[in-house]
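Engineer: Quick one, work-v3.pdb (PDB, C-alpha atoms):
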```
ATOM      1  CA  MET F  20      36.551 -87.460   5.916
ATOM      2  CA  GLY F  21      34.605 -86.531   2.833
ATOM      3  CA  VAL F  22      35.335 -89.838   1.110
ATOM      4  CA  ASP F  23      31.722 -91.010   1.398
ATOM      5  CA  VAL F  24      30.453 -87.731  -0.046
ATOM      6  CA  ALA F  25      32.959 -87.978  -2.892
ATOM      7  CA  ARG F  26      31.807 -91.531  -3.605
ATOM      8  CA  VAL F  27      28.161 -90.398  -3.894
ATOM      9  CA  LEU F  28      29.153 -87.522  -6.172
ATOM     10  CA  THR F  29      31.347 -89.717  -8.371
ATOM     11  CA  ALA F  30      28.530 -92.214  -8.855
ATOM     12  CA  HIS F  31      26.091 -89.422  -9.627
ATOM     13  CA  PHE F  32      28.289 -87.709 -12.201
ATOM     14  CA  ALA F  33      29.127 -91.046 -13.836
ATOM     15  CA  ASP F  34      25.551 -91.084 -15.149
ATOM     16  CA  PRO F  35      25.367 -88.489 -17.928
ATOM     17  CA  ASN F  36      21.584 -88.296 -17.543
ATOM     18  CA  ALA F  37      21.542 -87.704 -13.786
ATOM     19  CA  VAL F  38      19.943 -84.382 -12.780
ATOM     20  CA  PRO F  39      21.028 -82.270  -9.781
ATOM     21  CA  SER F  40      17.765 -82.863  -7.906
ATOM     22  CA  ALA F  41      18.684 -86.555  -7.648
ATOM     23  CA  LEU F  42      21.303 -85.529  -5.078
ATOM     24  CA  SER F  43      18.866 -83.768  -2.761
ATOM     25  CA  ASP F  44      18.350 -86.662  -0.346
ATOM     26  CA  ARG F  45      21.587 -88.580  -0.834
ATOM     27  CA  PHE F  46      23.527 -87.139   2.111
ATOM     28  CA  HIS F  47      21.239 -87.707   5.097
ATOM     29  CA  ASP F  48      23.292 -90.618   6.411
ATOM     30  CA  VAL F  49      26.704 -89.405   5.240
ATOM     31  CA  TYR F  50      29.128 -87.267   7.240
ATOM     32  CA  VAL F  51      29.508 -83.972   5.380
ATOM     33  CA  PRO F  52      32.486 -81.780   6.452
ATOM     34  CA  ILE F  53      31.850 -78.034   6.598
ATOM     35  CA  HIS F  54      35.458 -77.175   5.709
ATOM     36  CA  TYR F  55      37.269 -77.552   2.394
ATOM     37  CA  ASN F  56      37.808 -81.224   1.641
ATOM     38  CA  GLU F  57      40.098 -82.469  -1.098
ATOM     39  CA  PRO F  58      38.191 -85.694  -1.969
ATOM     40  CA  ILE F  59      35.001 -83.659  -2.539
ATOM     41  CA  ALA F  60      36.866 -80.991  -4.495
ATOM     42  CA  SER F  61      38.527 -83.682  -6.597
ATOM     43  CA  ALA F  62      35.151 -85.236  -7.386
ATOM     44  CA  ALA F  63      33.911 -81.815  -8.512
ATOM     45  CA  ARG F  64      36.902 -81.209 -10.767
ATOM     46  CA  THR F  65      36.633 -84.706 -12.254
ATOM     47  CA  ALA F  66      32.979 -84.132 -13.074
ATOM     48  CA  GLY F  67      33.853 -80.964 -14.946
ATOM     49  CA  GLU F  68      32.982 -77.369 -14.238
ATOM     50  CA  VAL F  69      29.631 -77.341 -16.022
ATOM     51  CA  ARG F  70      28.037 -80.310 -14.278
ATOM     52  CA  ALA F  71      29.607 -79.632 -10.894
ATOM     53  CA  ARG F  72      28.481 -75.984 -10.952
ATOM     54  CA  GLU F  73      24.995 -76.967 -12.051
ATOM     55  CA  ALA F  74      24.673 -79.425  -9.183
ATOM     56  CA  GLY F  75      26.238 -77.029  -6.697
ATOM     57  CA  ARG F  76      23.959 -74.144  -7.611
ATOM     58  CA  TRP F  77      20.871 -76.344  -7.475
ATOM     59  CA  LEU F  78      21.722 -77.790  -4.065
ATOM     60  CA  VAL F  79      22.494 -74.372  -2.562
ATOM     61  CA  ARG F  80      19.299 -72.866  -3.964
ATOM     62  CA  HIS F  81      16.891 -75.736  -3.408
ATOM     63  CA  GLY F  82      18.420 -78.072  -0.838
ATOM     64  CA  THR F  83      16.182 -78.610   2.192
ATOM     65  CA  ALA F  84      18.778 -80.297   4.414
ATOM     66  CA  THR F  85      21.962 -78.719   5.767
ATOM     67  CA  SER F  86      23.992 -81.657   4.459
ATOM     68  CA  ALA F  87      22.792 -81.183   0.879
ATOM     69  CA  VAL F  88      23.347 -77.426   0.916
ATOM     70  CA  THR F  89      26.839 -77.937   2.339
ATOM     71  CA  VAL F  90      27.720 -80.325  -0.481
ATOM     72  CA  GLY F  91      26.409 -77.811  -3.002
ATOM     73  CA  LEU F  92      28.557 -75.090  -1.491
ATOM     74  CA  ALA F  93      31.574 -77.426  -1.497
ATOM     75  CA  LEU F  94      31.083 -77.915  -5.239
ATOM     76  CA  LEU F  95      30.952 -74.168  -5.817
ATOM     77  CA  ALA F  96      33.984 -73.662  -3.589
ATOM     78  CA  ALA F  97      35.900 -75.975  -5.909
ATOM     79  CA  VAL F  98      34.696 -74.899  -9.369
ATOM     80  CA  GLY F  99      32.558 -71.792  -8.880
ATOM     81  CA  ARG F 100      32.869 -68.746 -11.102
ATOM     82  CA  VAL F 101      32.416 -65.014 -10.630
ATOM     83  CA  ASP F 102      28.724 -65.369 -11.495
ATOM     84  CA  ASP F 103      28.354 -67.522  -8.373
ATOM     85  CA  ILE F 104      29.604 -64.863  -5.950
ATOM     86  CA  PRO F 105      26.155 -63.497  -4.971
ATOM     87  CA  LEU F 106      24.896 -67.010  -4.276
ATOM     88  CA  ILE F 107      27.974 -67.912  -2.218
ATOM     89  CA  GLN F 108      27.734 -64.657  -0.278
ATOM     90  CA  THR F 109      24.046 -65.154   0.459
ATOM     91  CA  ILE F 110      24.402 -68.671   1.859
ATOM     92  CA  GLY F 111      27.587 -67.541   3.592
ATOM     93  CA  LEU F 112      25.515 -65.219   5.781
ATOM     94  CA  LEU F 113      24.515 -68.380   7.664
ATOM     95  CA  SER F 114      28.150 -68.343   8.574
ATOM     96  CA  CYS F 115      28.519 -70.655  11.552
ATOM     97  CA  THR F 116      27.813 -73.601   9.256
ATOM     98  CA  PHE F 117      28.519 -72.305   5.780
ATOM     99  CA  GLY F 118      31.227 -69.717   6.542
ATOM    100  CA  PRO F 119      34.289 -71.945   5.955
ATOM    101  CA  LEU F 120      33.262 -73.073   2.472
ATOM    102  CA  ALA F 121      31.889 -69.649   1.527
ATOM    103  CA  ALA F 122      35.227 -68.080   2.482
ATOM    104  CA  ARG F 123      37.117 -70.733   0.504
ATOM    105  CA  GLY F 124      34.909 -70.236  -2.528
ATOM    106  CA  LEU F 125      35.222 -66.455  -2.520
ATOM    107  CA  GLU F 126      38.956 -66.178  -1.866
ATOM    108  CA  ARG F 127      39.856 -68.163  -4.985
ATOM    109  CA  LEU F 128      37.808 -65.959  -7.344
ATOM    110  CA  PRO F 129      38.681 -62.601  -8.931
ATOM    111  CA  SER F 130      37.534 -59.749  -6.666
ATOM    112  CA  GLY F 131      37.642 -62.258  -3.843
ATOM    113  CA  ALA F 132      38.821 -59.657  -1.330
ATOM    114  CA  ASP F 133      35.902 -57.313  -2.021
ATOM    115  CA  SER F 134      33.472 -60.237  -1.763
ATOM    116  CA  LEU F 135      34.989 -61.399   1.520
ATOM    117  CA  ILE F 136      34.944 -57.886   2.986
ATOM    118  CA  TRP F 137      31.241 -57.632   2.082
ATOM    119  CA  LEU F 138      30.606 -60.884   3.934
ATOM    120  CA  ALA F 139      32.849 -60.026   6.879
ATOM    121  CA  GLU F 140      30.892 -56.830   7.488
ATOM    122  CA  ARG F 141      27.747 -58.907   7.978
ATOM    123  CA  VAL F 142      28.774 -61.944  10.013
ATOM    124  CA  THR F 143      29.817 -62.518  13.618
ATOM    125  CA  GLY F 144      31.040 -65.353  15.825
ATOM    126  CA  TRP F 145      32.633 -68.336  14.138
ATOM    127  CA  GLY F 146      31.648 -67.046  10.724
ATOM    128  CA  ARG F 147      33.753 -63.943  11.233
ATOM    129  CA  VAL F 148      36.705 -66.129  12.223
ATOM    130  CA  TYR F 149      36.571 -68.025   8.931
ATOM    131  CA  VAL F 150      36.163 -64.913   6.774
ATOM    132  CA  VAL F 151      38.807 -62.783   8.519
ATOM    133  CA  GLU F 152      41.317 -65.626   8.336
ATOM    134  CA  ALA F 153      40.657 -65.852   4.594
ATOM    135  CA  LEU F 154      41.207 -62.105   4.245
ATOM    136  CA  CYS F 155      44.525 -62.390   6.082
ATOM    137  CA  GLY F 156      45.634 -64.717   3.304
ATOM    138  CA  LEU F 157      44.897 -62.036   0.685
ATOM    139  CA  VAL F 158      46.684 -59.124   2.330
ATOM    140  CA  ASP F 159      49.555 -59.208  -0.163
ATOM    141  CA  SER F 160      47.371 -59.563  -3.247
ATOM    142  CA  ASP F 161      44.741 -56.852  -2.773
ATOM    143  CA  PRO F 162      45.392 -53.309  -1.459
ATOM    144  CA  ALA F 163      41.913 -53.085   0.094
ATOM    145  CA  VAL F 164      42.576 -55.833   2.626
ATOM    146  CA  ARG F 165      45.163 -54.270   4.938
ATOM    147  CA  PRO F 166      43.171 -51.068   5.674
ATOM    148  CA  TRP F 167      40.090 -53.167   6.439
ATOM    149  CA  LEU F 168      42.006 -55.481   8.752
ATOM    150  CA  LEU F 169      43.498 -52.496  10.594
ATOM    151  CA  ARG F 170      40.122 -50.835  11.137
ATOM    152  CA  ARG F 171      37.304 -53.366  10.994
ATOM    153  CA  ALA F 172      38.426 -56.941  11.630
ATOM    154  CA  VAL F 173      37.895 -57.093  15.408
ATOM    155  CA  ASP F 174      34.300 -56.568  16.521
ATOM    156  CA  GLY F 175      34.792 -57.383  20.214
ATOM    157  CA  ASP F 176      33.411 -60.923  20.156
ATOM    158  CA  TYR F 177      35.254 -63.460  22.322
ATOM    159  CA  LEU F 178      36.066 -65.571  19.255
ATOM    160  CA  ASN F 179      38.135 -62.701  17.843
ATOM    161  CA  GLY F 180      40.913 -64.265  19.915
ATOM    162  CA  TYR F 181      41.409 -66.842  17.183
ATOM    163  CA  PHE F 182      42.485 -64.260  14.623
ATOM    164  CA  ALA F 183      43.480 -61.034  16.428
ATOM    165  CA  GLY F 184      47.182 -61.905  16.510
ATOM    166  CA  GLN F 185      47.103 -62.971  12.872
ATOM    167  CA  VAL F 186      45.503 -59.654  11.951
ATOM    168  CA  ALA F 187      48.197 -57.756  13.869
ATOM    169  CA  ARG F 188      50.968 -59.620  12.058
ATOM    170  CA  MET F 189      49.544 -59.732   8.532
ATOM    171  CA  ALA F 190      48.341 -56.114   8.562
ATOM    172  CA  GLU F 191      51.697 -54.990  10.012
ATOM    173  CA  LEU F 192      50.085 -53.150  12.902
ATOM    174  CA  HIS F 193      53.499 -52.211  14.297
ATOM    175  CA  GLU F 194      54.047 -50.016  11.234
ATOM    176  CA  ALA F 195      50.529 -48.594  11.162
ATOM    177  CA  VAL F 196      50.735 -47.308  14.739
ATOM    178  CA  MET F 197      53.553 -44.973  13.744
ATOM    179  CA  ALA F 198      50.947 -42.966  11.822
ATOM    180  CA  PHE F 199      48.171 -43.013  14.441
ATOM    181  CA  GLY F 200      47.838 -39.233  14.659
ATOM    182  CA  ASP F 201      44.259 -38.447  15.679
ATOM    183  CA  ASP F 202      42.760 -41.300  13.645
ATOM    184  CA  ALA F 203      40.103 -42.351  16.159
ATOM    185  CA  GLU F 204      38.849 -45.272  14.089
ATOM    186  CA  LEU F 205      42.310 -46.831  13.822
ATOM    187  CA  ILE F 206      43.131 -46.196  17.483
ATOM    188  CA  ASP F 207      39.829 -47.608  18.737
ATOM    189  CA  HIS F 208      40.181 -50.718  16.605
ATOM    190  CA  THR F 209      43.707 -51.190  17.937
ATOM    191  CA  THR F 210      42.279 -50.814  21.454
ATOM    192  CA  ARG F 211      39.843 -53.657  20.833
ATOM    193  CA  LEU F 212      42.529 -55.783  19.185
ATOM    194  CA  LEU F 213      44.972 -55.371  22.080
ATOM    195  CA  HIS F 214      42.229 -56.146  24.580
ATOM    196  CA  VAL F 215      41.369 -59.351  22.702
ATOM    197  CA  MET F 216      45.041 -60.345  22.679
ATOM    198  CA  THR F 217      45.090 -60.229  26.499
ATOM    199  CA  TYR F 218      42.940 -63.371  26.632
ATOM    200  CA  SER F 219      43.838 -65.199  23.428
ATOM    201  CA  ASP F 220      46.402 -67.646  24.849
ATOM    202  CA  GLY F 221      45.397 -71.081  23.577
ATOM    203  CA  MET F 222      43.360 -69.520  20.761
ATOM    204  CA  GLY F 223      45.859 -67.499  18.778
ATOM    205  CA  THR F 224      48.808 -65.177  19.320
ATOM    206  CA  SER F 225      48.494 -63.529  22.721
ATOM    207  CA  LEU F 226      49.942 -60.134  23.570
ATOM    208  CA  ARG F 227      52.899 -61.600  25.452
ATOM    209  CA  ARG F 228      53.797 -63.721  22.423
ATOM    210  CA  TYR F 229      53.388 -60.938  19.871
ATOM    211  CA  PRO F 230      56.904 -59.819  18.836
ATOM    212  CA  TYR F 231      55.927 -56.177  18.327
ATOM    213  CA  ALA F 232      53.768 -55.845  21.447
ATOM    214  CA  VAL F 233      55.867 -53.177  23.164
ATOM    215  CA  VAL F 234      56.145 -51.033  20.040
ATOM    216  CA  VAL F 235      52.381 -51.123  19.546
ATOM    217  CA  LEU F 236      51.578 -50.595  23.234
ATOM    218  CA  GLU F 237      53.841 -47.545  23.493
ATOM    219  CA  ALA F 238      52.242 -45.865  20.503
ATOM    220  CA  HIS F 239      48.746 -46.907  21.535
ATOM    221  CA  VAL F 240      48.774 -45.592  25.105
ATOM    222  CA  ARG F 241      50.065 -42.199  23.911
ATOM    223  CA  SER F 242      47.412 -41.907  21.218
ATOM    224  CA  LEU F 243      44.588 -43.230  23.392
ATOM    225  CA  GLY F 244      45.181 -40.455  25.885
ATOM    226  CA  GLY F 245      44.770 -37.905  23.122
ATOM    227  CA  LEU F 246      41.307 -39.190  22.238
ATOM    228  CA  GLY F 247      39.807 -38.847  25.697
ATOM    229  CA  PRO F 248      37.766 -41.384  27.650
ATOM    230  CA  THR F 249      34.763 -43.516  26.811
ATOM    231  CA  ILE F 250      33.506 -46.481  28.794
ATOM    232  CA  GLU F 251      34.799 -48.886  26.149
ATOM    233  CA  ARG F 252      38.230 -47.248  26.121
ATOM    234  CA  TYR F 253      38.390 -47.220  29.930
ATOM    235  CA  PHE F 254      37.472 -50.893  30.192
ATOM    236  CA  ALA F 255      39.941 -51.999  27.505
ATOM    237  CA  ALA F 256      42.768 -49.886  28.955
ATOM    238  CA  ALA F 257      42.096 -51.344  32.400
ATOM    239  CA  MET F 258      42.193 -54.891  31.072
ATOM    240  CA  ILE F 259      45.438 -54.193  29.210
ATOM    241  CA  ALA F 260      46.977 -52.620  32.340
ATOM    242  CA  GLN F 261      46.055 -55.632  34.456
ATOM    243  CA  TYR F 262      47.463 -57.992  31.845
ATOM    244  CA  LEU F 263      50.764 -56.124  31.664
ATOM    245  CA  ALA F 264      51.046 -56.244  35.443
ATOM    246  CA  HIS F 265      50.655 -60.024  35.584
ATOM    247  CA  GLU F 266      52.341 -61.223  32.377
ATOM    248  CA  THR F 267      55.769 -60.806  30.821
ATOM    249  CA  PRO F 268      56.796 -60.981  27.153
ATOM    250  CA  ILE F 269      57.696 -64.477  26.009
ATOM    251  CA  GLY F 270      60.937 -65.165  24.156
ATOM    252  CA  SER F 271      62.785 -62.071  25.290
ATOM    253  CA  ASP F 272      65.592 -62.073  27.838
ATOM    254  CA  ASP F 273      66.276 -58.422  27.169
ATOM    255  CA  PRO F 274      65.943 -56.452  30.445
ATOM    256  CA  GLY F 275      65.308 -53.319  28.411
ATOM    257  CA  MET F 276      62.324 -54.890  26.694
ATOM    258  CA  LYS F 277      60.861 -55.993  30.022
ATOM    259  CA  ALA F 278      61.380 -52.507  31.416
ATOM    260  CA  ARG F 279      59.508 -51.003  28.479
ATOM    261  CA  TRP F 280      56.701 -53.537  29.022
ATOM    262  CA  GLU F 281      56.417 -52.442  32.667
ATOM    263  CA  ARG F 282      56.472 -48.764  31.720
ATOM    264  CA  CYS F 283      53.611 -49.391  29.337
ATOM    265  CA  GLY F 284      51.592 -50.828  32.200
ATOM    266  CA  THR F 285      52.392 -47.813  34.360
ATOM    267  CA  SER F 286      51.353 -45.454  31.573
ATOM    268  CA  TYR F 287      47.977 -47.153  31.139
ATOM    269  CA  LEU F 288      47.383 -46.855  34.890
ATOM    270  CA  ALA F 289      48.399 -43.187  34.800
ATOM    271  CA  LEU F 290      45.902 -42.617  32.014
ATOM    272  CA  LEU F 291      43.128 -44.249  34.029
ATOM    273  CA  ASP F 292      44.033 -42.058  37.023
ATOM    274  CA  GLN F 293      43.280 -38.870  35.107
ATOM    275  CA  GLU F 294      40.210 -37.084  36.433
ATOM    276  CA  THR F 295      38.251 -37.202  33.201
ATOM    277  CA  TRP F 296      38.855 -40.941  32.870
ATOM    278  CA  GLY F 297      37.854 -41.519  36.473
ATOM    279  CA  ASP F 298      34.675 -39.500  35.950
ATOM    280  CA  THR F 299      33.805 -41.611  32.930
ATOM    281  CA  ALA F 300      34.283 -44.792  34.947
ATOM    282  CA  GLY F 301      32.081 -43.391  37.712
ATOM    283  CA  GLN F 302      29.348 -42.592  35.202
ATOM    284  CA  GLY F 303      29.592 -46.114  33.835
ATOM    285  CA  LEU F 304      29.227 -47.603  37.295
ATOM    286  CA  ALA F 305      26.283 -45.335  38.065
ATOM    287  CA  ALA F 306      24.636 -46.511  34.853
ATOM    288  CA  GLU F 307      25.368 -50.132  35.879
ATOM    289  CA  ASP F 308      27.454 -50.797  32.788
ATOM    290  CA  ASP F 309      28.280 -54.513  32.849
ATOM    291  CA  ARG F 310      31.914 -53.958  31.886
ATOM    292  CA  LEU F 311      32.589 -51.502  34.694
ATOM    293  CA  LYS F 312      30.628 -53.616  37.191
ATOM    294  CA  TRP F 313      32.783 -56.594  36.235
ATOM    295  CA  LEU F 314      35.944 -54.550  36.750
ATOM    296  CA  ALA F 315      34.786 -53.439  40.186
ATOM    297  CA  ASP F 316      33.801 -56.968  41.179
ATOM    298  CA  SER F 317      37.166 -58.297  39.998
ATOM    299  CA  GLY F 318      38.968 -56.025  42.471
ATOM    300  CA  PHE F 319      40.401 -53.522  39.993
ATOM    301  CA  ARG F 320      41.704 -50.998  42.498
ATOM    302  CA  ARG F 321      40.757 -47.881  40.528
ATOM    303  CA  LEU F 322      37.120 -48.858  41.050
ATOM    304  CA  CYS F 323      37.244 -50.279  44.564
ATOM    305  CA  GLY F 324      36.635 -47.110  46.517
ATOM    306  CA  PRO F 325      38.288 -43.900  47.717
ATOM    307  CA  GLY F 326      41.919 -43.832  48.696
ATOM    308  CA  THR F 327      43.045 -46.743  46.559
ATOM    309  CA  GLN F 328      44.634 -44.647  43.827
ATOM    310  CA  ALA F 329      47.448 -43.781  46.212
ATOM    311  CA  GLU F 330      48.611 -47.366  45.844
ATOM    312  CA  ALA F 331      49.374 -46.859  42.170
ATOM    313  CA  PRO F 332      52.998 -46.700  41.059
ATOM    314  CA  PRO F 333      54.170 -43.238  40.026
ATOM    315  CA  ALA F 334      53.090 -42.223  36.538
ATOM    316  CA  GLN F 335      55.749 -42.378  33.874
ATOM    317  CA  GLN F 336      55.575 -41.239  30.323
ATOM    318  CA  VAL F 337      56.329 -43.992  27.803
ATOM    319  CA  GLU F 338      59.021 -43.125  25.337
ATOM    320  CA  SER F 339      59.682 -45.266  22.302
ATOM    321  CA  GLU F 340      63.089 -46.837  22.072
ATOM    322  CA  GLU F 341      64.636 -47.767  18.819
TER     323      GLU F 341
END
```
Output the file's structure as structure tokens, nothing else.

Structural biologist:
Amino acid sequence: MGVDVARVLTAHFADPNAVPSALSDRFHDVYVPIHYNEPIASAARTAGEVRAREAGRWLVRHGTATSAVTVGLALLAAVGRVDDIPLIQTIGLLSCTFGPLAARGLERLPSGADSLIWLAERVTGWGRVYVVEALCGLVDSDPAVRPWLLRRAVDGDYLNGYFAGQVARMAELHEAVMAFGDDAELIDHTTRLLHVMTYSDGMGTSLRRYPYAVVVLEAHVRSLGGLGPTIERYFAAAMIAQYLAHETPIGSDDPGMKARWERCGTSYLALLDQETWGDTAGQGLAAEDDRLKWLADSGFRRLCGPGTQAEAPPAQQVESEE
């Protein structure tokens, strides 16, 4: 892949008089990869920074076909400079197509983390996957990355499942939860992240495969109770509780670990049984909130009618174990 594009670029740059506009219609019938491609990058480096940047900037600014713009961005991803950051960021906003190369181009430049955070704050879906994954690779080189990952990376989109586990590992969530306190932003982001990890099997690291799951869950359920209920918090806590009831941690034969996992599930259910949390769920149902309606339709017993709460296991307070 990318060999045909590289061949066109090599032929173009071999002519010292060739102008960037001559490339505008050369890629209609050529497969152009949207991810970093070594043959294309090699062609850019061989051409030299000046000519490759000139062609890349022209194609990104003036290209009228997706293929041409993608090639231009690939050139900038290989040899771009700091002056190209605004251009890369701007085209990167069309992130489903241009996100992978925009992320690659920004992460290799000075101030790459700040540039990627700017872009991450403005993109969703697949584009957010590409940018957040790039930021995970910079967590050790820029102090701004870890706080952003801990507070802003997960936006609730289904595709967050591809990077939620990576965020938890790279940002060392298991250490951050020890300082939760009353930091609502950090706790709420952790709530979303844990919820995403309940369905991320086959996408990324799921909750049952996350080595620090119990440590994070114990701290999270305690701190979540201190914040009080919202519909989002109720829904996420219910989904986590259901997951813990049906899954077990992978790779651990330690009965103590499994017992802690089960106690976490019991503690989430006990939280949901509190009157204020139940009232919030009732208000959500009355307002026909889609999340609460889905929970009720799925048979979640806290929302299935009077008398069902008596079926819940006795509430237990989770205590961390060293």

Engineer: Measuring atom to atom with only C-alpha atoms, identify which of F:Arg45, F:Ala232, F:Arg321, F:Gly175 is nearest to F:Asp298.

Structural biologist: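 Answer, going by the shortest atom-to-atom distance: F:Arg321.
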
Engineer: Could you pull the residues within 9 Å of F:Val51, counting all atoms listed in the file, minus those fewer than 5 positions along the same chain, as an MDAnalysis selection string?

Structural biologist: chainID F and resid 20:21 23:24 46 86:87 89:90

Engineer: Selection from above, C-alpha atoms, as a PDB file, keeping the file's coordinate frame, can you write it?

Structural biologist:
```
ATOM      1  CA  MET F  20      36.551 -87.460   5.916  1.00  0.00           C
ATOM      2  CA  GLY F  21      34.605 -86.531   2.833  1.00  0.00           C
ATOM      3  CA  ASP F  23      31.722 -91.010   1.398  1.00  0.00           C
ATOM      4  CA  VAL F  24      30.453 -87.731  -0.046  1.00  0.00           C
ATOM      5  CA  PHE F  46      23.527 -87.139   2.111  1.00  0.00           C
ATOM      6  CA  SER F  86      23.992 -81.657   4.459  1.00  0.00           C
ATOM      7  CA  ALA F  87      22.792 -81.183   0.879  1.00  0.00           C
ATOM      8  CA  THR F  89      26.839 -77.937   2.339  1.00  0.00           C
ATOM      9  CA  VAL F  90      27.720 -80.325  -0.481  1.00  0.00           C
TER      10      VAL F  90
END
```

Engineer: To one decimal in Å, tell me the separation between atom CA of F:Gly275 and atom CA of F:Val235.

Structural biologist: 15.8 Å

Engineer: What does the PyMOL selection byres ((chain F and resi 110) around 10) select in this file, as a PyMOL selection string?

Structural biologist: chain F and resi 79-80+88-89+92+105-109+111-114+116-118+120-121

Engineer: Please dump the current selection as a PDB file, keeping the file's coordinate frame; keep C-alpha atoms.

Structural biologist:
```pdb
ATOM      1  CA  VAL F  79      22.494 -74.372  -2.562  1.00  0.00           C
ATOM      2  CA  ARG F  80      19.299 -72.866  -3.964  1.00  0.00           C
ATOM      3  CA  VAL F  88      23.347 -77.426   0.916  1.00  0.00           C
ATOM      4  CA  THR F  89      26.839 -77.937   2.339  1.00  0.00           C
ATOM      5  CA  LEU F  92      28.557 -75.090  -1.491  1.00  0.00           C
ATOM      6  CA  PRO F 105      26.155 -63.497  -4.971  1.00  0.00           C
ATOM      7  CA  LEU F 106      24.896 -67.010  -4.276  1.00  0.00           C
ATOM      8  CA  ILE F 107      27.974 -67.912  -2.218  1.00  0.00           C
ATOM      9  CA  GLN F 108      27.734 -64.657  -0.278  1.00  0.00           C
ATOM     10  CA  THR F 109      24.046 -65.154   0.459  1.00  0.00           C
ATOM     11  CA  GLY F 111      27.587 -67.541   3.592  1.00  0.00           C
ATOM     12  CA  LEU F 112      25.515 -65.219   5.781  1.00  0.00           C
ATOM     13  CA  LEU F 113      24.515 -68.380   7.664  1.00  0.00           C
ATOM     14  CA  SER F 114      28.150 -68.343   8.574  1.00  0.00           C
ATOM     15  CA  THR F 116      27.813 -73.601   9.256  1.00  0.00           C
ATOM     16  CA  PHE F 117      28.519 -72.305   5.780  1.00  0.00           C
ATOM     17  CA  GLY F 118      31.227 -69.717   6.542  1.00  0.00           C
ATOM     18  CA  LEU F 120      33.262 -73.073   2.472  1.00  0.00           C
ATOM     19  CA  ALA F 121      31.889 -69.649   1.527  1.00  0.00           C
TER      20      ALA F 121
END
```

Engineer: Pick from F:Leu125, F:Met276, F:Val98, F:Ala41: nearest to F:Val69, with only C-alpha atoms counted?

Structural biologist: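 Going through F:Leu125, F:Met276, F:Val98, F:Ala41 one by one, the smallest distance to F:Val69 is for F:Val98.
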
Engineer: Under the PyMOL selection byres ((chain F and resi 277) around 12), which residues of this model are included? Write them out as a PyMOL selection string.

Structural biologist: chain F and resi 227+232-233+263-264+266-276+278-284

Engineer: On this structure, which residues satisfy the PyMOL selection byres ((chain F and resi 198-209) around 7), written as a list in words?

Structural biologist: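 Written out, the selection comes to Leu169, Arg170, Arg171, Val173, Ala195, Val196, Met197, Thr210, Arg211, Leu212, Leu213, His239, Ser242, Leu243 and Leu246 of chain F.
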